[in-house]
file data_17.txt (compact mmCIF, N, CA and C atoms)
# COMPACT_ATOMS: atom_id res chain seq x y z
N MET H 1 16.39 4.26 -33.44
CA MET H 1 16.35 5.71 -33.54
C MET H 1 17.08 6.16 -34.80
N ASN H 2 16.58 7.20 -35.38
CA ASN H 2 17.18 7.77 -36.59
C ASN H 2 17.65 9.19 -36.31
N TYR H 3 18.50 9.68 -37.21
CA TYR H 3 18.93 11.07 -37.16
C TYR H 3 18.32 11.82 -38.34
N TYR H 4 17.95 13.07 -38.09
CA TYR H 4 17.39 13.93 -39.13
C TYR H 4 18.08 15.28 -39.06
N ILE H 5 18.39 15.82 -40.24
CA ILE H 5 19.01 17.14 -40.33
C ILE H 5 17.94 18.13 -40.77
N LEU H 6 17.74 19.15 -39.95
CA LEU H 6 16.91 20.28 -40.33
C LEU H 6 17.87 21.36 -40.81
N SER H 7 17.73 21.72 -42.06
CA SER H 7 18.61 22.70 -42.68
C SER H 7 17.83 23.98 -42.94
N TYR H 8 18.37 25.09 -42.47
CA TYR H 8 17.77 26.40 -42.68
C TYR H 8 18.61 27.20 -43.66
N ARG H 9 17.96 27.92 -44.54
CA ARG H 9 18.64 28.94 -45.34
C ARG H 9 18.09 30.27 -44.86
N THR H 10 18.98 31.11 -44.36
CA THR H 10 18.56 32.35 -43.73
C THR H 10 18.41 33.49 -44.73
N VAL H 11 17.63 34.50 -44.32
CA VAL H 11 17.46 35.70 -45.14
C VAL H 11 18.73 36.56 -45.04
N LYS H 12 18.86 37.50 -45.94
CA LYS H 12 20.08 38.33 -46.01
C LYS H 12 20.32 39.14 -44.73
N ASN H 13 19.26 39.63 -44.10
CA ASN H 13 19.43 40.44 -42.90
C ASN H 13 19.24 39.63 -41.61
N TYR H 14 19.53 38.35 -41.67
CA TYR H 14 19.36 37.42 -40.55
C TYR H 14 20.06 37.91 -39.29
N LEU H 15 21.33 38.28 -39.40
CA LEU H 15 22.09 38.68 -38.21
C LEU H 15 21.51 39.93 -37.55
N GLU H 16 20.96 40.83 -38.33
CA GLU H 16 20.36 42.04 -37.77
C GLU H 16 19.01 41.76 -37.11
N GLU H 17 18.25 40.82 -37.67
CA GLU H 17 16.91 40.52 -37.16
C GLU H 17 16.89 39.47 -36.05
N ARG H 18 17.88 38.62 -36.02
CA ARG H 18 17.93 37.50 -35.07
C ARG H 18 17.74 37.89 -33.61
N PRO H 19 18.35 38.96 -33.12
CA PRO H 19 18.21 39.27 -31.69
C PRO H 19 16.77 39.42 -31.20
N LYS H 20 15.86 39.83 -32.05
CA LYS H 20 14.46 40.00 -31.67
C LYS H 20 13.81 38.68 -31.24
N TYR H 21 14.27 37.57 -31.81
CA TYR H 21 13.62 36.27 -31.61
C TYR H 21 14.54 35.22 -30.98
N ARG H 22 15.77 35.61 -30.71
CA ARG H 22 16.78 34.64 -30.26
C ARG H 22 16.40 33.94 -28.94
N ALA H 23 15.97 34.69 -27.95
CA ALA H 23 15.63 34.08 -26.65
C ALA H 23 14.53 33.04 -26.80
N GLU H 24 13.50 33.37 -27.57
CA GLU H 24 12.39 32.44 -27.78
C GLU H 24 12.85 31.21 -28.58
N HIS H 25 13.70 31.44 -29.59
CA HIS H 25 14.26 30.34 -30.39
C HIS H 25 15.09 29.41 -29.50
N LEU H 26 15.96 29.98 -28.66
CA LEU H 26 16.81 29.16 -27.80
C LEU H 26 16.01 28.42 -26.74
N LEU H 27 14.93 29.01 -26.28
CA LEU H 27 14.05 28.33 -25.32
C LEU H 27 13.44 27.08 -25.96
N LEU H 28 12.98 27.21 -27.20
CA LEU H 28 12.44 26.07 -27.92
C LEU H 28 13.52 25.00 -28.14
N ALA H 29 14.71 25.43 -28.55
CA ALA H 29 15.80 24.49 -28.78
C ALA H 29 16.18 23.76 -27.49
N LYS H 30 16.22 24.48 -26.39
CA LYS H 30 16.56 23.87 -25.09
C LYS H 30 15.54 22.81 -24.70
N GLU H 31 14.28 23.09 -24.96
CA GLU H 31 13.20 22.14 -24.67
C GLU H 31 13.42 20.83 -25.44
N TYR H 32 13.73 20.92 -26.71
CA TYR H 32 13.97 19.74 -27.54
C TYR H 32 15.26 19.03 -27.12
N ALA H 33 16.28 19.81 -26.73
CA ALA H 33 17.54 19.21 -26.29
C ALA H 33 17.37 18.47 -24.97
N GLU H 34 16.63 19.06 -24.05
CA GLU H 34 16.43 18.43 -22.75
C GLU H 34 15.67 17.12 -22.83
N ASN H 35 14.81 16.98 -23.84
CA ASN H 35 14.09 15.70 -23.97
C ASN H 35 14.83 14.74 -24.89
N GLY H 36 16.05 15.10 -25.29
CA GLY H 36 16.90 14.19 -26.06
C GLY H 36 16.65 14.17 -27.55
N GLN H 37 15.81 15.04 -28.06
CA GLN H 37 15.50 15.01 -29.48
C GLN H 37 16.43 15.89 -30.31
N LEU H 38 16.90 17.00 -29.77
CA LEU H 38 17.83 17.88 -30.48
C LEU H 38 19.23 17.58 -29.97
N VAL H 39 20.09 17.12 -30.88
CA VAL H 39 21.43 16.67 -30.50
C VAL H 39 22.46 17.78 -30.66
N LEU H 40 22.43 18.46 -31.78
CA LEU H 40 23.37 19.55 -32.10
C LEU H 40 22.62 20.60 -32.90
N ALA H 41 23.04 21.86 -32.76
CA ALA H 41 22.41 22.91 -33.55
C ALA H 41 23.32 24.13 -33.60
N GLY H 42 23.27 24.83 -34.71
CA GLY H 42 24.02 26.07 -34.82
C GLY H 42 24.03 26.61 -36.22
N ALA H 43 24.38 27.90 -36.31
CA ALA H 43 24.46 28.58 -37.60
C ALA H 43 25.86 28.42 -38.18
N MET H 44 25.93 28.43 -39.49
CA MET H 44 27.22 28.42 -40.18
C MET H 44 27.82 29.82 -40.02
N ASP H 45 29.13 29.90 -40.17
CA ASP H 45 29.81 31.17 -39.98
C ASP H 45 30.47 31.64 -41.27
N ASN H 46 30.49 32.94 -41.45
CA ASN H 46 31.20 33.59 -42.56
C ASN H 46 30.93 32.99 -43.93
N PRO H 47 29.75 33.15 -44.45
CA PRO H 47 28.62 33.94 -43.96
C PRO H 47 27.64 33.10 -43.15
N ALA H 48 26.83 33.79 -42.38
CA ALA H 48 25.79 33.12 -41.58
C ALA H 48 24.53 32.97 -42.42
N ASP H 49 24.66 32.20 -43.50
CA ASP H 49 23.55 32.06 -44.44
C ASP H 49 22.81 30.73 -44.30
N GLU H 50 23.30 29.88 -43.43
CA GLU H 50 22.66 28.59 -43.18
C GLU H 50 22.76 28.23 -41.71
N ALA H 51 21.89 27.32 -41.28
CA ALA H 51 21.97 26.73 -39.95
C ALA H 51 21.59 25.26 -40.08
N LEU H 52 22.18 24.44 -39.22
CA LEU H 52 21.91 23.01 -39.22
C LEU H 52 21.51 22.58 -37.82
N LEU H 53 20.49 21.75 -37.75
CA LEU H 53 20.03 21.20 -36.49
C LEU H 53 19.91 19.69 -36.66
N VAL H 54 20.48 18.95 -35.75
CA VAL H 54 20.47 17.49 -35.82
C VAL H 54 19.51 16.95 -34.76
N PHE H 55 18.53 16.20 -35.22
CA PHE H 55 17.53 15.60 -34.34
C PHE H 55 17.69 14.09 -34.31
N LYS H 56 17.35 13.50 -33.18
CA LYS H 56 17.35 12.04 -33.02
C LYS H 56 15.94 11.64 -32.63
N SER H 57 15.29 10.87 -33.53
CA SER H 57 13.90 10.49 -33.27
C SER H 57 13.50 9.33 -34.18
N GLU H 58 12.31 8.84 -33.98
CA GLU H 58 11.80 7.73 -34.78
C GLU H 58 11.40 8.18 -36.19
N SER H 59 10.98 9.45 -36.32
CA SER H 59 10.55 9.94 -37.63
C SER H 59 10.96 11.41 -37.80
N ASP H 60 10.78 11.91 -39.01
CA ASP H 60 11.13 13.31 -39.28
C ASP H 60 10.12 14.29 -38.71
N GLU H 61 9.06 13.79 -38.13
CA GLU H 61 8.00 14.65 -37.59
C GLU H 61 8.53 15.60 -36.51
N VAL H 62 9.46 15.13 -35.69
CA VAL H 62 10.01 15.96 -34.62
C VAL H 62 10.72 17.18 -35.20
N ALA H 63 11.57 16.97 -36.19
CA ALA H 63 12.29 18.08 -36.82
C ALA H 63 11.32 19.02 -37.53
N ARG H 64 10.34 18.47 -38.20
CA ARG H 64 9.35 19.30 -38.89
C ARG H 64 8.54 20.14 -37.90
N ASN H 65 8.14 19.53 -36.80
CA ASN H 65 7.40 20.27 -35.77
C ASN H 65 8.24 21.41 -35.19
N PHE H 66 9.53 21.14 -34.99
CA PHE H 66 10.41 22.19 -34.50
C PHE H 66 10.39 23.38 -35.46
N ALA H 67 10.64 23.10 -36.74
CA ALA H 67 10.69 24.18 -37.74
C ALA H 67 9.37 24.95 -37.79
N GLU H 68 8.27 24.25 -37.76
CA GLU H 68 6.97 24.91 -37.87
C GLU H 68 6.66 25.79 -36.67
N ASN H 69 7.30 25.52 -35.54
CA ASN H 69 7.07 26.31 -34.32
C ASN H 69 8.22 27.25 -33.98
N ASP H 70 9.26 27.25 -34.77
CA ASP H 70 10.43 28.07 -34.50
C ASP H 70 10.13 29.54 -34.80
N PRO H 71 10.39 30.43 -33.84
CA PRO H 71 10.16 31.85 -34.07
C PRO H 71 10.95 32.41 -35.26
N TYR H 72 12.10 31.85 -35.55
CA TYR H 72 12.86 32.30 -36.72
C TYR H 72 12.08 32.03 -38.00
N VAL H 73 11.46 30.87 -38.09
CA VAL H 73 10.65 30.52 -39.26
C VAL H 73 9.38 31.37 -39.28
N LYS H 74 8.70 31.42 -38.16
CA LYS H 74 7.42 32.14 -38.08
C LYS H 74 7.56 33.62 -38.40
N ASN H 75 8.73 34.19 -38.12
CA ASN H 75 8.93 35.62 -38.32
C ASN H 75 9.77 35.97 -39.55
N GLY H 76 9.92 35.00 -40.46
CA GLY H 76 10.52 35.28 -41.75
C GLY H 76 12.03 35.36 -41.81
N LEU H 77 12.74 34.88 -40.80
CA LEU H 77 14.20 34.90 -40.84
C LEU H 77 14.77 33.73 -41.64
N ILE H 78 13.93 32.73 -41.88
CA ILE H 78 14.33 31.55 -42.65
C ILE H 78 13.57 31.57 -43.96
N GLU H 79 14.32 31.63 -45.07
CA GLU H 79 13.63 31.69 -46.37
C GLU H 79 13.31 30.30 -46.91
N GLU H 80 14.00 29.30 -46.42
CA GLU H 80 13.71 27.92 -46.84
C GLU H 80 14.25 26.96 -45.79
N TRP H 81 13.50 25.87 -45.55
CA TRP H 81 13.99 24.83 -44.65
C TRP H 81 13.64 23.47 -45.22
N THR H 82 14.49 22.51 -44.92
CA THR H 82 14.27 21.13 -45.35
C THR H 82 14.64 20.19 -44.21
N VAL H 83 14.04 19.02 -44.23
CA VAL H 83 14.37 17.95 -43.29
C VAL H 83 14.75 16.73 -44.11
N ARG H 84 15.91 16.15 -43.78
CA ARG H 84 16.35 14.94 -44.45
C ARG H 84 16.88 13.94 -43.44
N LYS H 85 16.60 12.68 -43.69
CA LYS H 85 17.15 11.62 -42.85
C LYS H 85 18.64 11.53 -43.10
N TRP H 86 19.39 11.35 -42.02
CA TRP H 86 20.84 11.25 -42.09
C TRP H 86 21.22 9.83 -41.67
N ASN H 87 21.79 9.09 -42.58
CA ASN H 87 22.20 7.72 -42.30
C ASN H 87 23.58 7.72 -41.67
N VAL H 88 23.62 7.80 -40.35
CA VAL H 88 24.88 7.88 -39.61
C VAL H 88 25.56 6.51 -39.62
N VAL H 89 26.83 6.52 -40.02
CA VAL H 89 27.60 5.28 -40.09
C VAL H 89 28.55 5.16 -38.91
N VAL H 90 29.15 6.26 -38.49
CA VAL H 90 30.06 6.27 -37.35
C VAL H 90 29.55 7.28 -36.34
N ASN H 91 29.46 6.86 -35.09
CA ASN H 91 28.99 7.75 -34.03
C ASN H 91 29.81 7.48 -32.78
N SER H 92 30.79 8.30 -32.54
CA SER H 92 31.65 8.10 -31.36
C SER H 92 30.94 8.44 -30.05
N MET H 93 29.81 9.14 -30.13
CA MET H 93 29.07 9.50 -28.91
C MET H 93 28.30 8.31 -28.34
N GLU H 94 28.02 7.33 -29.16
CA GLU H 94 27.25 6.18 -28.68
C GLU H 94 28.08 4.92 -28.54
N GLY H 95 29.34 5.04 -28.85
CA GLY H 95 30.25 3.92 -28.67
C GLY H 95 30.08 2.88 -29.65
call {"tool": "encode", "arguments": {"input": "data_17.txt", "output": "structure tokens"}}
result
Amino acid sequence: MNYYILSYRTVKNYLEERPKYRAEHLLLAKEYAENGQLVLAGAMDNPADEALLVFKSESDEVARNFAENDPYVKNGLIEEWTVRKWNVVVNSMEG
């Protein structure tokens, strides 16, 4: 299994627009988390101009599919997103 980081760069009015799509976004995130593919996720603070989501899967397709179906992306709250493989060297969660 590999780790992939989905990185979002948010629009300037992200915090004002987010409530409109938050429930739907969190529902999607919960679905991916429950099946073990989404490990960690959250927005950066002060400023909330980025968000990072960590996926665990065989390929980057899972992270890409998430982004393509995310209401934040679909509704223009994310101005740019990228997926990169993360070569984890130390992982205390897996022993």
call {"tool": "select_by_dssp", "arguments": {"input": "data_17.txt", "residues": "chain H", "states": "alpha helix (DSSP H)", "output": "PyMOL selection string"}}
result
chain H and resi 14-17+22-34+61-69+71-74
call {"tool": "residues_around", "arguments": {"input": "data_17.txt", "residues": "Ala63 of chain H", "least_positions_apart": "5", "cutoff": "6.5 Å", "atoms": "only N, CA and C atoms", "output": "list in words"}}
result
Leu6, Phe55 and Glu68 of chain H
call {"tool": "closest_residue", "arguments": {"input": "data_17.txt", "among": "H:Met1, H:Leu15, H:Ala23, H:Leu40", "to": "Leu52 of chain H", "atoms": "only C-alpha atoms"}}
result
H:Leu40
call {"tool": "residues_around", "arguments": {"input": "data_17.txt", "residues": "Glu79 of chain H", "least_positions_apart": "6", "cutoff": "7 Å", "atoms": "all atoms listed in the file", "output": "ChimeraX atom specification"}}
result
/H:8-11,73
call {"tool": "closest_residue", "arguments": {"input": "data_17.txt", "among": "H:Asp60, H:Glu17, H:Glu24, H:Glu34", "to": "Leu77 of chain H", "atoms": "only N, CA and C atoms"}}
result
H:Glu17
call {"tool": "atom_distance", "arguments": {"input": "data_17.txt", "atom1": "atom CA of Pro71 of chain H", "atom2": "atom CA of Val83 of chain H"}}
result
17.2 Å
call {"tool": "closest_residue", "arguments": {"input": "data_17.txt", "among": "H:Ser7, H:Asn2, H:Met44, H:Val54", "to": "Trp81 of chain H", "atoms": "all atoms listed in the file"}}
result
H:Ser7
call {"tool": "select_by_dssp", "arguments": {"input": "data_17.txt", "residues": "chain H", "states": "strand (DSSP E or B)", "output": "PyMOL selection string"}}
result
chain H and resi 2-10+38-43+50-57+78-86
call {"tool": "atom_distance", "arguments": {"input": "data_17.txt", "atom1": "atom CA of Leu38 of chain H", "atom2": "atom CA of Val90 of chain H"}}
result
18.2 Å
call {"tool": "atom_distance", "arguments": {"input": "data_17.txt", "atom1": "atom N of Tyr72 of chain H", "atom2": "atom C of Asp45 of chain H"}}
result
19.2 Å
call {"tool": "residues_around", "arguments": {"input": "data_17.txt", "residues": "segment 27-31 of chain H", "least_positions_apart": "6", "cutoff": "8 Å", "atoms": "all atoms listed in the file", "output": "PyMOL selection string"}}
result
chain H and resi 21+37-38+66+69-71
call {"tool": "closest_residue", "arguments": {"input": "data_17.txt", "among": "H:Ile5, H:Trp86, H:Met93, H:Lys12", "to": "Pro47 of chain H", "atoms": "only C-alpha atoms"}}
result
H:Lys12
call {"tool": "decode", "arguments": {"input": "data_17.txt", "residues": "segment 43-78 of chain H", "atoms": "N, CA and C atoms", "output": "JSON list (two decimals), in the first residue's frame"}}
result
[["chain", "number", "residue", "atom", "x", "y", "z"],
["H", 43, "ALA", "N", -8.04, 21.30, 6.80],
["H", 43, "ALA", "CA", -7.58, 22.57, 6.24],
["H", 43, "ALA", "C", -6.47, 23.14, 7.12],
["H", 44, "MET", "N", -5.58, 23.88, 6.50],
["H", 44, "MET", "CA", -4.55, 24.60, 7.24],
["H", 44, "MET", "C", -5.23, 25.79, 7.92],
["H", 45, "ASP", "N", -4.60, 26.29, 8.96],
["H", 45, "ASP", "CA", -5.19, 27.38, 9.73],
["H", 45, "ASP", "C", -4.33, 28.64, 9.65],
["H", 46, "ASN", "N", -4.99, 29.77, 9.66],
["H", 46, "ASN", "CA", -4.34, 31.09, 9.72],
["H", 46, "ASN", "C", -3.19, 31.29, 8.75],
["H", 47, "PRO", "N", -3.47, 31.37, 7.47],
["H", 47, "PRO", "CA", -4.78, 31.43, 6.82],
["H", 47, "PRO", "C", -5.24, 30.05, 6.35],
["H", 48, "ALA", "N", -6.53, 29.95, 6.10],
["H", 48, "ALA", "CA", -7.11, 28.70, 5.60],
["H", 48, "ALA", "C", -7.02, 28.69, 4.07],
["H", 49, "ASP", "N", -5.80, 28.71, 3.58],
["H", 49, "ASP", "CA", -5.58, 28.80, 2.13],
["H", 49, "ASP", "C", -5.20, 27.47, 1.49],
["H", 50, "GLU", "N", -5.04, 26.45, 2.30],
["H", 50, "GLU", "CA", -4.70, 25.12, 1.80],
["H", 50, "GLU", "C", -5.41, 24.06, 2.63],
["H", 51, "ALA", "N", -5.53, 22.87, 2.06],
["H", 51, "ALA", "CA", -6.02, 21.70, 2.78],
["H", 51, "ALA", "C", -5.21, 20.51, 2.30],
["H", 52, "LEU", "N", -5.01, 19.55, 3.20],
["H", 52, "LEU", "CA", -4.27, 18.34, 2.88],
["H", 52, "LEU", "C", -5.11, 17.13, 3.24],
["H", 53, "LEU", "N", -5.10, 16.15, 2.35],
["H", 53, "LEU", "CA", -5.81, 14.90, 2.58],
["H", 53, "LEU", "C", -4.84, 13.76, 2.29],
["H", 54, "VAL", "N", -4.73, 12.84, 3.20],
["H", 54, "VAL", "CA", -3.80, 11.71, 3.07],
["H", 54, "VAL", "C", -4.60, 10.45, 2.76],
["H", 55, "PHE", "N", -4.28, 9.83, 1.65],
["H", 55, "PHE", "CA", -4.95, 8.60, 1.21],
["H", 55, "PHE", "C", -3.97, 7.43, 1.27],
["H", 56, "LYS", "N", -4.51, 6.26, 1.53],
["H", 56, "LYS", "CA", -3.73, 5.02, 1.52],
["H", 56, "LYS", "C", -4.38, 4.10, 0.49],
["H", 57, "SER", "N", -3.61, 3.80, -0.57],
["H", 57, "SER", "CA", -4.17, 2.98, -1.65],
["H", 57, "SER", "C", -3.05, 2.44, -2.53],
["H", 58, "GLU", "N", -3.41, 1.62, -3.47],
["H", 58, "GLU", "CA", -2.43, 1.04, -4.39],
["H", 58, "GLU", "C", -1.96, 2.05, -5.44],
["H", 59, "SER", "N", -2.83, 3.02, -5.78],
["H", 59, "SER", "CA", -2.46, 4.00, -6.80],
["H", 59, "SER", "C", -3.05, 5.37, -6.44],
["H", 60, "ASP", "N", -2.64, 6.38, -7.20],
["H", 60, "ASP", "CA", -3.15, 7.73, -6.95],
["H", 60, "ASP", "C", -4.58, 7.92, -7.45],
["H", 61, "GLU", "N", -5.12, 6.92, -8.09],
["H", 61, "GLU", "CA", -6.47, 7.02, -8.65],
["H", 61, "GLU", "C", -7.52, 7.32, -7.58],
["H", 62, "VAL", "N", -7.36, 6.76, -6.40],
["H", 62, "VAL", "CA", -8.33, 6.98, -5.32],
["H", 62, "VAL", "C", -8.37, 8.46, -4.94],
["H", 63, "ALA", "N", -7.22, 9.07, -4.74],
["H", 63, "ALA", "CA", -7.15, 10.49, -4.38],
["H", 63, "ALA", "C", -7.69, 11.36, -5.52],
["H", 64, "ARG", "N", -7.35, 11.01, -6.74],
["H", 64, "ARG", "CA", -7.83, 11.78, -7.90],
["H", 64, "ARG", "C", -9.36, 11.68, -8.02],
["H", 65, "ASN", "N", -9.90, 10.50, -7.82],
["H", 65, "ASN", "CA", -11.35, 10.32, -7.87],
["H", 65, "ASN", "C", -12.05, 11.13, -6.79],
["H", 66, "PHE", "N", -11.44, 11.16, -5.60],
["H", 66, "PHE", "CA", -12.01, 11.97, -4.52],
["H", 66, "PHE", "C", -12.10, 13.43, -4.96],
["H", 67, "ALA", "N", -10.98, 13.97, -5.44],
["H", 67, "ALA", "CA", -10.96, 15.39, -5.84],
["H", 67, "ALA", "C", -11.98, 15.67, -6.94],
["H", 68, "GLU", "N", -12.06, 14.80, -7.91],
["H", 68, "GLU", "CA", -12.97, 15.02, -9.04],
["H", 68, "GLU", "C", -14.44, 14.98, -8.62],
["H", 69, "ASN", "N", -14.73, 14.33, -7.50],
["H", 69, "ASN", "CA", -16.11, 14.22, -7.01],
["H", 69, "ASN", "C", -16.39, 15.10, -5.80],
["H", 70, "ASP", "N", -15.41, 15.81, -5.33],
["H", 70, "ASP", "CA", -15.56, 16.64, -4.14],
["H", 70, "ASP", "C", -16.39, 17.89, -4.45],
["H", 71, "PRO", "N", -17.44, 18.14, -3.68],
["H", 71, "PRO", "CA", -18.26, 19.33, -3.90],
["H", 71, "PRO", "C", -17.46, 20.63, -3.82],
["H", 72, "TYR", "N", -16.42, 20.67, -3.02],
["H", 72, "TYR", "CA", -15.58, 21.87, -2.95],
["H", 72, "TYR", "C", -14.92, 22.14, -4.31],
["H", 73, "VAL", "N", -14.44, 21.09, -4.95],
["H", 73, "VAL", "CA", -13.82, 21.24, -6.27],
["H", 73, "VAL", "C", -14.88, 21.57, -7.31],
["H", 74, "LYS", "N", -15.95, 20.81, -7.31],
["H", 74, "LYS", "CA", -17.01, 20.99, -8.30],
["H", 74, "LYS", "C", -17.64, 22.38, -8.26],
["H", 75, "ASN", "N", -17.64, 23.00, -7.08],
["H", 75, "ASN", "CA", -18.29, 24.30, -6.93],
["H", 75, "ASN", "C", -17.32, 25.47, -6.83],
["H", 76, "GLY", "N", -16.07, 25.24, -7.23],
["H", 76, "GLY", "CA", -15.12, 26.33, -7.38],
["H", 76, "GLY", "C", -14.46, 26.84, -6.12],
["H", 77, "LEU", "N", -14.51, 26.10, -5.01],
["H", 77, "LEU", "CA", -13.85, 26.54, -3.79],
["H", 77, "LEU", "C", -12.35, 26.20, -3.80],
["H", 78, "ILE", "N", -11.96, 25.31, -4.70],
["H", 78, "ILE", "CA", -10.57, 24.90, -4.83],
["H", 78, "ILE", "C", -10.05, 25.42, -6.15]]
